[in-house]
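Next up, data19.cif (mmCIF, C-alpha atoms):
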data_start
loop_
_atom_site.group_PDB
_atom_site.id
_atom_site.type_symbol
_atom_site.label_atom_id
_atom_site.label_comp_id
_atom_site.auth_asym_id
_atom_site.auth_seq_id
_atom_site.Cartn_x
_atom_site.Cartn_y
_atom_site.Cartn_z
ATOM 1 C CA MET A 1 91.679 69.335 127.464
ATOM 2 C CA ASP A 2 94.922 70.689 126.022
ATOM 3 C CA LYS A 3 96.922 73.577 127.481
ATOM 4 C CA ASN A 4 95.770 76.078 124.814
ATOM 5 C CA ALA A 5 92.109 75.278 125.464
ATOM 6 C CA ASN A 6 92.656 75.716 129.209
ATOM 7 C CA ILE A 7 94.320 79.087 128.698
ATOM 8 C CA LYS A 8 91.586 80.203 126.307
ATOM 9 C CA ASN A 9 88.827 79.183 128.751
ATOM 10 C CA HIS A 10 90.653 80.916 131.605
ATOM 11 C CA ILE A 11 90.846 84.147 129.569
ATOM 12 C CA ILE A 12 87.118 83.895 128.800
ATOM 13 C CA GLU A 13 86.254 83.359 132.496
ATOM 14 C CA VAL A 14 88.352 86.338 133.607
ATOM 15 C CA THR A 15 86.933 88.566 130.877
ATOM 16 C CA THR A 16 83.367 87.553 131.712
ATOM 17 C CA LYS A 17 83.902 88.581 135.339
ATOM 18 C CA LEU A 18 85.378 91.908 134.219
ATOM 19 C CA ILE A 19 82.404 92.562 131.921
ATOM 20 C CA GLU A 20 80.015 92.024 134.821
ATOM 21 C CA GLN A 21 82.142 94.085 137.241
ATOM 22 C CA HIS A 22 82.134 96.996 134.775
ATOM 23 C CA ASN A 23 78.371 96.724 134.111
ATOM 24 C CA GLY A 24 78.944 95.899 130.463
ATOM 25 C CA ASN A 25 81.018 99.008 129.794
ATOM 26 C CA THR A 26 83.621 97.214 127.731
ATOM 27 C CA LYS A 27 85.414 100.449 126.842
ATOM 28 C CA ASP A 28 86.682 100.504 130.450
ATOM 29 C CA ILE A 29 88.180 97.036 130.020
ATOM 30 C CA THR A 30 91.561 96.981 128.342
ATOM 31 C CA ALA A 31 93.455 94.033 126.942
ATOM 32 C CA ARG A 32 96.194 94.800 129.478
ATOM 33 C CA MET A 33 93.648 94.611 132.300
ATOM 34 C CA ILE A 34 92.437 91.226 131.044
ATOM 35 C CA ALA A 35 95.998 89.913 130.693
ATOM 36 C CA SER A 36 96.917 91.136 134.175
ATOM 37 C CA LYS A 37 93.842 89.591 135.822
ATOM 38 C CA ALA A 38 94.335 86.337 133.908
ATOM 39 C CA ASP A 39 98.059 86.352 134.726
ATOM 40 C CA ILE A 40 99.018 85.839 131.090
ATOM 41 C CA GLY A 41 101.050 87.671 128.491
ATOM 42 C CA LEU A 42 99.189 90.302 126.474
ATOM 43 C CA GLY A 43 100.009 88.511 123.218
ATOM 44 C CA LEU A 44 97.917 85.488 124.221
ATOM 45 C CA ILE A 45 94.717 87.503 123.846
ATOM 46 C CA ASN A 46 95.528 88.281 120.222
ATOM 47 C CA TYR A 47 96.815 84.753 119.648
ATOM 48 C CA HIS A 48 93.582 83.129 120.854
ATOM 49 C CA PHE A 49 90.999 85.744 119.852
ATOM 50 C CA GLY A 50 92.536 88.185 117.373
ATOM 51 C CA SER A 51 91.364 91.218 119.385
ATOM 52 C CA LYS A 52 89.768 92.309 122.641
ATOM 53 C CA GLU A 53 86.493 92.875 120.779
ATOM 54 C CA ASN A 54 86.450 89.287 119.480
ATOM 55 C CA LEU A 55 87.165 88.033 123.005
ATOM 56 C CA ILE A 56 84.291 90.033 124.490
ATOM 57 C CA THR A 57 81.921 88.877 121.749
ATOM 58 C CA GLU A 58 82.864 85.247 122.422
ATOM 59 C CA CYS A 59 82.327 85.714 126.177
ATOM 60 C CA VAL A 60 78.866 87.122 125.649
ATOM 61 C CA GLN A 61 77.941 84.433 123.090
ATOM 62 C CA ARG A 62 78.995 81.654 125.470
ATOM 63 C CA ILE A 63 77.113 83.049 128.435
ATOM 64 C CA ILE A 64 73.908 83.612 126.507
ATOM 65 C CA GLY A 65 74.278 80.321 124.640
ATOM 66 C CA LYS A 66 74.465 78.398 127.918
ATOM 67 C CA THR A 67 71.349 80.160 129.139
ATOM 68 C CA VAL A 68 69.455 79.473 125.935
ATOM 69 C CA THR A 69 70.202 75.755 126.144
ATOM 70 C CA LYS A 70 69.484 75.664 129.891
ATOM 71 C CA PHE A 71 65.804 76.390 129.674
ATOM 72 C CA TYR A 72 65.208 72.902 128.481
ATOM 73 C CA MET A 73 61.893 72.150 130.111
ATOM 74 C CA THR A 74 61.894 69.428 132.725
ATOM 75 C CA GLY A 75 58.541 70.352 134.268
ATOM 76 C CA ASN A 76 55.213 68.935 133.217
ATOM 77 C CA TYR A 77 53.075 71.586 131.548
ATOM 78 C CA GLU A 78 49.677 70.897 130.074
ATOM 79 C CA THR A 79 49.672 73.644 127.464
ATOM 80 C CA ASP A 80 52.092 75.361 125.145
ATOM 81 C CA LYS A 81 51.022 78.671 126.641
ATOM 82 C CA GLU A 82 52.004 77.562 130.134
ATOM 83 C CA ARG A 83 55.288 76.065 128.899
ATOM 84 C CA LEU A 84 56.215 79.175 126.876
ATOM 85 C CA THR A 85 55.353 81.471 129.777
ATOM 86 C CA VAL A 86 57.753 79.577 132.047
ATOM 87 C CA CYS A 87 60.533 79.609 129.411
ATOM 88 C CA ALA A 88 60.103 83.293 128.597
ATOM 89 C CA THR A 89 59.991 84.262 132.274
ATOM 90 C CA TYR A 90 63.232 82.362 132.858
ATOM 91 C CA VAL A 91 64.936 84.201 129.985
ATOM 92 C CA PHE A 92 63.499 87.590 130.976
ATOM 93 C CA ASN A 93 64.778 87.144 134.533
ATOM 94 C CA PHE A 94 68.195 86.221 133.143
ATOM 95 C CA LEU A 95 68.300 89.487 131.177
ATOM 96 C CA PHE A 96 67.866 91.531 134.348
ATOM 97 C CA GLU A 97 70.067 89.339 136.535
ATOM 98 C CA HIS A 98 72.912 89.630 133.984
ATOM 99 C CA SER A 99 72.098 93.038 132.581
ATOM 100 C CA ALA A 100 75.603 93.985 131.439
ATOM 101 C CA ILE A 101 76.073 90.873 129.337
ATOM 102 C CA SER A 102 72.477 90.886 128.129
ATOM 103 C CA ARG A 103 72.731 94.502 126.962
ATOM 104 C CA ILE A 104 75.885 93.729 124.964
ATOM 105 C CA SER A 105 74.275 90.672 123.405
ATOM 106 C CA ILE A 106 71.015 92.379 122.430
ATOM 107 C CA LEU A 107 72.694 95.472 120.998
ATOM 108 C CA ASP A 108 75.147 93.316 119.055
ATOM 109 C CA ASP A 109 72.273 91.209 117.698
ATOM 110 C CA LEU A 110 70.380 94.316 116.612
ATOM 111 C CA GLN A 111 73.431 95.444 114.628
ATOM 112 C CA ASN A 112 74.366 91.990 113.319
ATOM 113 C CA TYR A 113 71.122 90.037 113.097
ATOM 114 C CA THR A 114 72.026 86.600 111.724
ATOM 115 C CA LYS A 115 70.617 83.104 111.989
ATOM 116 C CA ASN A 116 73.271 82.261 114.612
ATOM 117 C CA CYS A 117 72.836 85.314 116.840
ATOM 118 C CA ASN A 118 71.566 84.920 120.396
ATOM 119 C CA SER A 119 68.179 86.461 119.555
ATOM 120 C CA VAL A 120 67.484 83.853 116.893
ATOM 121 C CA LEU A 121 68.797 81.041 119.104
ATOM 122 C CA THR A 122 66.409 82.224 121.824
ATOM 123 C CA GLN A 123 63.529 82.178 119.350
ATOM 124 C CA GLN A 124 64.440 78.652 118.264
ATOM 125 C CA SER A 125 64.439 77.517 121.887
ATOM 126 C CA PHE A 126 61.051 79.141 122.456
ATOM 127 C CA ILE A 127 59.717 77.227 119.444
ATOM 128 C CA LEU A 128 60.684 73.974 121.182
ATOM 129 C CA SER A 129 58.214 74.790 123.948
ATOM 130 C CA LEU A 130 55.369 75.022 121.407
ATOM 131 C CA LYS A 131 54.308 71.449 120.816
ATOM 132 C CA ASN A 132 50.544 71.269 120.271
ATOM 133 C CA ASP A 133 48.537 74.463 120.529
ATOM 134 C CA ILE A 134 50.036 76.715 117.829
ATOM 135 C CA SER A 135 50.133 75.984 114.126
ATOM 136 C CA ASN A 136 53.583 75.629 112.613
ATOM 137 C CA LYS A 137 53.058 78.703 110.438
ATOM 138 C CA ASP A 138 52.370 80.864 113.531
ATOM 139 C CA LYS A 139 55.185 79.601 115.763
ATOM 140 C CA SER A 140 57.981 81.641 114.198
ATOM 141 C CA ILE A 141 56.118 84.946 114.201
ATOM 142 C CA LEU A 142 54.870 84.420 117.760
ATOM 143 C CA VAL A 143 58.356 83.792 119.178
ATOM 144 C CA PHE A 144 59.840 86.604 117.070
ATOM 145 C CA ILE A 145 57.340 89.100 118.515
ATOM 146 C CA LEU A 146 57.807 87.716 122.045
ATOM 147 C CA THR A 147 61.601 88.005 121.856
ATOM 148 C CA ALA A 148 61.468 91.521 120.397
ATOM 149 C CA ALA A 149 59.002 92.675 123.085
ATOM 150 C CA MET A 150 61.210 91.224 125.817
ATOM 151 C CA GLN A 151 64.315 92.911 124.411
ATOM 152 C CA ALA A 152 62.615 96.296 123.980
ATOM 153 C CA ALA A 153 61.229 96.113 127.535
ATOM 154 C CA PHE A 154 64.661 95.200 128.895
ATOM 155 C CA LEU A 155 66.530 97.940 127.031
ATOM 156 C CA GLY A 156 63.925 100.583 127.854
ATOM 157 C CA ASN A 157 62.837 99.350 131.266
ATOM 158 C CA GLU A 158 62.607 102.842 132.831
ATOM 159 C CA THR A 159 60.341 104.068 130.030
ATOM 160 C CA VAL A 160 58.292 100.857 130.189
ATOM 161 C CA LYS A 161 57.831 101.493 133.899
ATOM 162 C CA GLN A 162 56.291 104.879 133.103
ATOM 163 C CA LEU A 163 54.277 103.742 130.081
ATOM 164 C CA LEU A 164 53.044 100.317 131.154
ATOM 165 C CA ASN A 165 53.444 100.461 134.928
ATOM 166 C CA TYR A 166 55.695 97.391 135.212
ATOM 167 C CA ASP A 167 58.661 97.733 137.572
ATOM 168 C CA PHE A 168 61.153 95.201 136.239
ATOM 169 C CA ALA A 169 63.279 95.513 139.352
ATOM 170 C CA LYS A 170 60.574 93.280 140.856
ATOM 171 C CA THR A 171 60.514 89.654 139.705
ATOM 172 C CA GLU A 172 56.735 89.539 140.105
ATOM 173 C CA ASP A 173 56.339 92.436 137.641
ATOM 174 C CA ARG A 174 58.637 90.676 135.172
ATOM 175 C CA ALA A 175 56.519 87.524 135.458
ATOM 176 C CA ALA A 176 53.298 89.525 135.080
ATOM 177 C CA TYR A 177 54.622 91.261 131.958
ATOM 178 C CA ILE A 178 55.589 87.950 130.322
ATOM 179 C CA LYS A 179 52.253 86.354 131.240
ATOM 180 C CA LYS A 180 50.333 89.287 129.755
ATOM 181 C CA LEU A 181 52.491 89.254 126.624
ATOM 182 C CA VAL A 182 52.065 85.510 126.064
ATOM 183 C CA ASP A 183 48.317 85.790 126.726
ATOM 184 C CA ILE A 184 47.991 88.505 124.070
ATOM 185 C CA LEU A 185 50.113 86.593 121.562
ATOM 186 C CA PHE A 186 48.165 83.370 122.027
ATOM 187 C CA GLU A 187 44.865 85.210 121.737
ATOM 188 C CA GLY A 188 46.078 86.765 118.466
ATOM 189 C CA THR A 189 47.104 83.436 116.944
ATOM 190 C CA VAL A 190 43.812 81.783 117.839
ATOM 191 C CA LYS A 191 41.800 84.619 116.296
ATOM 192 C CA MET A 192 43.942 84.606 113.155
ATOM 193 C CA ASP A 193 43.483 80.846 112.737
ATOM 194 C CA GLU A 194 39.686 80.957 113.070
#

Rewritten as structure tokens:
Amino acid sequence: MDKNANIKNHIIEVTTKLIEQHNGNTKDITARMIASKADIGLGLINYHFGSKENLITECVQRIIGKTVTKFYMTGNYETDKERLTVCATYVFNFLFEHSAISRISILDDLQNYTKNCNSVLTQQSFILSLKNDISNKDKSILVFILTAAMQAAFLGNETVKQLLNYDFAKTEDRAAYIKKLVDILFEGTVKMDE
């Protein structure tokens, strides 16, 4: 790896830690703060990223992108429903375990919804877990609804706690929510296909 790539990766690592330390409040993170923590000149941030905002966006994209590709299924699951439940639970737990970065990613996706955004990449990964039990025409809508329901529950978790009685601070409630959601979605696709 060349020197520029090493410096760029170092800046991304430092910025990612700052994002998490500041609970996703990127307004509290200045370019000077990043440069100081990374022990680099301030101009290198603009040289490599163009702006602090571009740097933060790249940090979030990398973190989420790694997570999306990580839930490659190694376990043996008999049904698509079981496989999708495991994948979705993994992603839902990630949202809460990395709430600052997840919040930035979801809100950015909602404002700039493109085929390369993290939400769509998550949906595409969910589709990979659907191998046999869902028709091709239903796969996209099922994973779209699942992803949207996960994001809404994450962003409004206090309200969801009051409305639906799931406490997402508890991993077992997160798993129960995903299981219920997948059950409902699978039931809906079966009825529609009949």

**OP:** May I have the residues within 10 Å of region 168-184 of chain A as number ranges by chain, using only C-alpha atoms and disregarding those fewer than 6 positions away in the same chain?
**Re:** A: 81-82, 84-90, 92-93, 96-97, 142-143, 145-146, 149-150, 153-154, 157-158, 160-161

Taking the file as I've supplied it (selection: the PyMOL selection byres ((chain A and resi 126) around 9)), which residues are included? Please answer as a PDB file with C-alpha atoms, in the coordinates of the input.
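What follows is the written file selection-v4.pdb:
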ATOM      1  CA  LEU A  84      56.215  79.175 126.876  1.00  0.00           C
ATOM      2  CA  CYS A  87      60.533  79.609 129.411  1.00  0.00           C
ATOM      3  CA  ALA A  88      60.103  83.293 128.597  1.00  0.00           C
ATOM      4  CA  LEU A 121      68.797  81.041 119.104  1.00  0.00           C
ATOM      5  CA  THR A 122      66.409  82.224 121.824  1.00  0.00           C
ATOM      6  CA  GLN A 123      63.529  82.178 119.350  1.00  0.00           C
ATOM      7  CA  GLN A 124      64.440  78.652 118.264  1.00  0.00           C
ATOM      8  CA  SER A 125      64.439  77.517 121.887  1.00  0.00           C
ATOM      9  CA  ILE A 127      59.717  77.227 119.444  1.00  0.00           C
ATOM     10  CA  LEU A 128      60.684  73.974 121.182  1.00  0.00           C
ATOM     11  CA  SER A 129      58.214  74.790 123.948  1.00  0.00           C
ATOM     12  CA  LEU A 130      55.369  75.022 121.407  1.00  0.00           C
ATOM     13  CA  LYS A 139      55.185  79.601 115.763  1.00  0.00           C
ATOM     14  CA  VAL A 143      58.356  83.792 119.178  1.00  0.00           C
ATOM     15  CA  THR A 147      61.601  88.005 121.856  1.00  0.00           C
TER      16      THR A 147
END

Original post:
Pick the closest to His22 (chain A) from A:Val120, A:Ala152, A:Ala100, A:Leu163: which is it, counting all atoms listed in the file?
Top reply: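 Of the candidates, the smallest distance to His22 (chain A) is held by A:Ala100.
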
Subject >> Between CA of Asp109 (chain A) and CA of Ala31 (chain A) - distance in Å to one decimal >> reply: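 Interatomic distance here is 23.3 Å.
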
Original post:
Given the choices A:Thr57, A:Val14, A:Gln151, A:Thr79, which gets closest to Ser36 (chain A) if the distance is worked out from only C-alpha atoms?
Top reply: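 Residue with the minimum atom-to-atom distance to Ser36 (chain A): A:Val14.
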
Original post:
How many Å separate CA of His98 (chain A) from CA of Glu13 (chain A)?
Top reply: 14.8 Å

Subject >> Nearest residue to Ser105 (chain A) from the set A:Leu44, A:Ile11, A:Met33, A:Val60 (distances using all atoms listed in the file) >> reply: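 That would be A:Val60, the residue with the smallest distance to Ser105 (chain A).
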
Subject >> Pairwise distance for CA of Thr159 (chain A) and CA of Thr114 (chain A), rounded to one decimal in Å >> reply: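 CA of Thr159 (chain A) sits 27.9 Å away from CA of Thr114 (chain A).
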
Subject >> Distance query Ala35 (chain A) at most 8 Å, only C-alpha atoms, self and fewer than 5 positions along chain excluded, as JSON, numbers by chain >> reply: {"A": [11, 40, 41, 42, 45]}

Original post:
the PyMOL selection byres ((chain A and resi 138) around 12) on the file shown: which residues, as a list in words?
Top reply: Ile127, Leu130, Asn132, Asp133, Ile134, Ser135, Asn136, Lys137, Lys139, Ser140, Ile141, Leu142, Val143, Phe144, Ile145, Leu185, Phe186, Glu187, Gly188, Thr189, Val190, Lys191, Met192 and Asp193 of chain A

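Residues matched by the PyMOL selection byres ((chain A and resi 2-5) around 12) in this file are A:Met1, A:Asn6, A:Ile7, A:Lys8, A:Asn9, A:His10, A:Ile11, A:Ile12, A:Leu44, A:Ile45, A:Tyr47, A:His48, A:Phe49.
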
Because the input lacks atoms here, generate N, CA and C atoms for region 106-123 of chain A and report them as a PDB file, in the frame of the given file.
ATOM      1  N   ILE A 106      72.172  91.865 123.171  1.00  0.00           N
ATOM      2  CA  ILE A 106      71.015  92.379 122.430  1.00  0.00           C
ATOM      3  C   ILE A 106      71.443  93.456 121.441  1.00  0.00           C
ATOM      4  N   LEU A 107      72.263  94.390 121.898  1.00  0.00           N
ATOM      5  CA  LEU A 107      72.694  95.472 120.998  1.00  0.00           C
ATOM      6  C   LEU A 107      73.530  94.929 119.841  1.00  0.00           C
ATOM      7  N   ASP A 108      74.372  93.938 120.128  1.00  0.00           N
ATOM      8  CA  ASP A 108      75.147  93.316 119.055  1.00  0.00           C
ATOM      9  C   ASP A 108      74.225  92.607 118.062  1.00  0.00           C
ATOM     10  N   ASP A 109      73.225  91.894 118.574  1.00  0.00           N
ATOM     11  CA  ASP A 109      72.273  91.209 117.698  1.00  0.00           C
ATOM     12  C   ASP A 109      71.505  92.192 116.832  1.00  0.00           C
ATOM     13  N   LEU A 110      71.122  93.325 117.388  1.00  0.00           N
ATOM     14  CA  LEU A 110      70.380  94.316 116.612  1.00  0.00           C
ATOM     15  C   LEU A 110      71.222  94.894 115.470  1.00  0.00           C
ATOM     16  N   GLN A 111      72.533  94.944 115.679  1.00  0.00           N
ATOM     17  CA  GLN A 111      73.431  95.444 114.628  1.00  0.00           C
ATOM     18  C   GLN A 111      73.859  94.349 113.662  1.00  0.00           C
ATOM     19  N   ASN A 112      73.892  93.120 114.132  1.00  0.00           N
ATOM     20  CA  ASN A 112      74.366  91.990 113.319  1.00  0.00           C
ATOM     21  C   ASN A 112      73.383  90.835 113.434  1.00  0.00           C
ATOM     22  N   TYR A 113      72.175  91.036 112.953  1.00  0.00           N
ATOM     23  CA  TYR A 113      71.122  90.037 113.097  1.00  0.00           C
ATOM     24  C   TYR A 113      71.341  88.917 112.081  1.00  0.00           C
ATOM     25  N   THR A 114      71.758  87.752 112.588  1.00  0.00           N
ATOM     26  CA  THR A 114      72.026  86.600 111.724  1.00  0.00           C
ATOM     27  C   THR A 114      71.314  85.380 112.287  1.00  0.00           C
ATOM     28  N   LYS A 115      71.305  84.311 111.521  1.00  0.00           N
ATOM     29  CA  LYS A 115      70.617  83.104 111.989  1.00  0.00           C
ATOM     30  C   LYS A 115      71.317  82.447 113.179  1.00  0.00           C
ATOM     31  N   ASN A 116      72.551  82.835 113.476  1.00  0.00           N
ATOM     32  CA  ASN A 116      73.271  82.261 114.612  1.00  0.00           C
ATOM     33  C   ASN A 116      73.392  83.215 115.790  1.00  0.00           C
ATOM     34  N   CYS A 117      72.735  84.375 115.724  1.00  0.00           N
ATOM     35  CA  CYS A 117      72.836  85.314 116.840  1.00  0.00           C
ATOM     36  C   CYS A 117      71.991  84.821 118.015  1.00  0.00           C
ATOM     37  N   ASN A 118      72.260  85.366 119.189  1.00  0.00           N
ATOM     38  CA  ASN A 118      71.566  84.920 120.396  1.00  0.00           C
ATOM     39  C   ASN A 118      70.060  85.135 120.326  1.00  0.00           C
ATOM     40  N   SER A 119      69.621  86.210 119.671  1.00  0.00           N
ATOM     41  CA  SER A 119      68.179  86.461 119.555  1.00  0.00           C
ATOM     42  C   SER A 119      67.488  85.340 118.793  1.00  0.00           C
ATOM     43  N   VAL A 120      68.075  84.931 117.693  1.00  0.00           N
ATOM     44  CA  VAL A 120      67.484  83.853 116.893  1.00  0.00           C
ATOM     45  C   VAL A 120      67.578  82.524 117.628  1.00  0.00           C
ATOM     46  N   LEU A 121      68.676  82.275 118.318  1.00  0.00           N
ATOM     47  CA  LEU A 121      68.797  81.041 119.104  1.00  0.00           C
ATOM     48  C   LEU A 121      67.745  80.997 120.217  1.00  0.00           C
ATOM     49  N   THR A 122      67.468  82.151 120.808  1.00  0.00           N
ATOM     50  CA  THR A 122      66.409  82.224 121.824  1.00  0.00           C
ATOM     51  C   THR A 122      65.061  81.896 121.205  1.00  0.00           C
ATOM     52  N   GLN A 123      64.788  82.460 120.036  1.00  0.00           N
ATOM     53  CA  GLN A 123      63.529  82.178 119.350  1.00  0.00           C
ATOM     54  C   GLN A 123      63.398  80.691 119.038  1.00  0.00           C
TER      55      GLN A 123
END
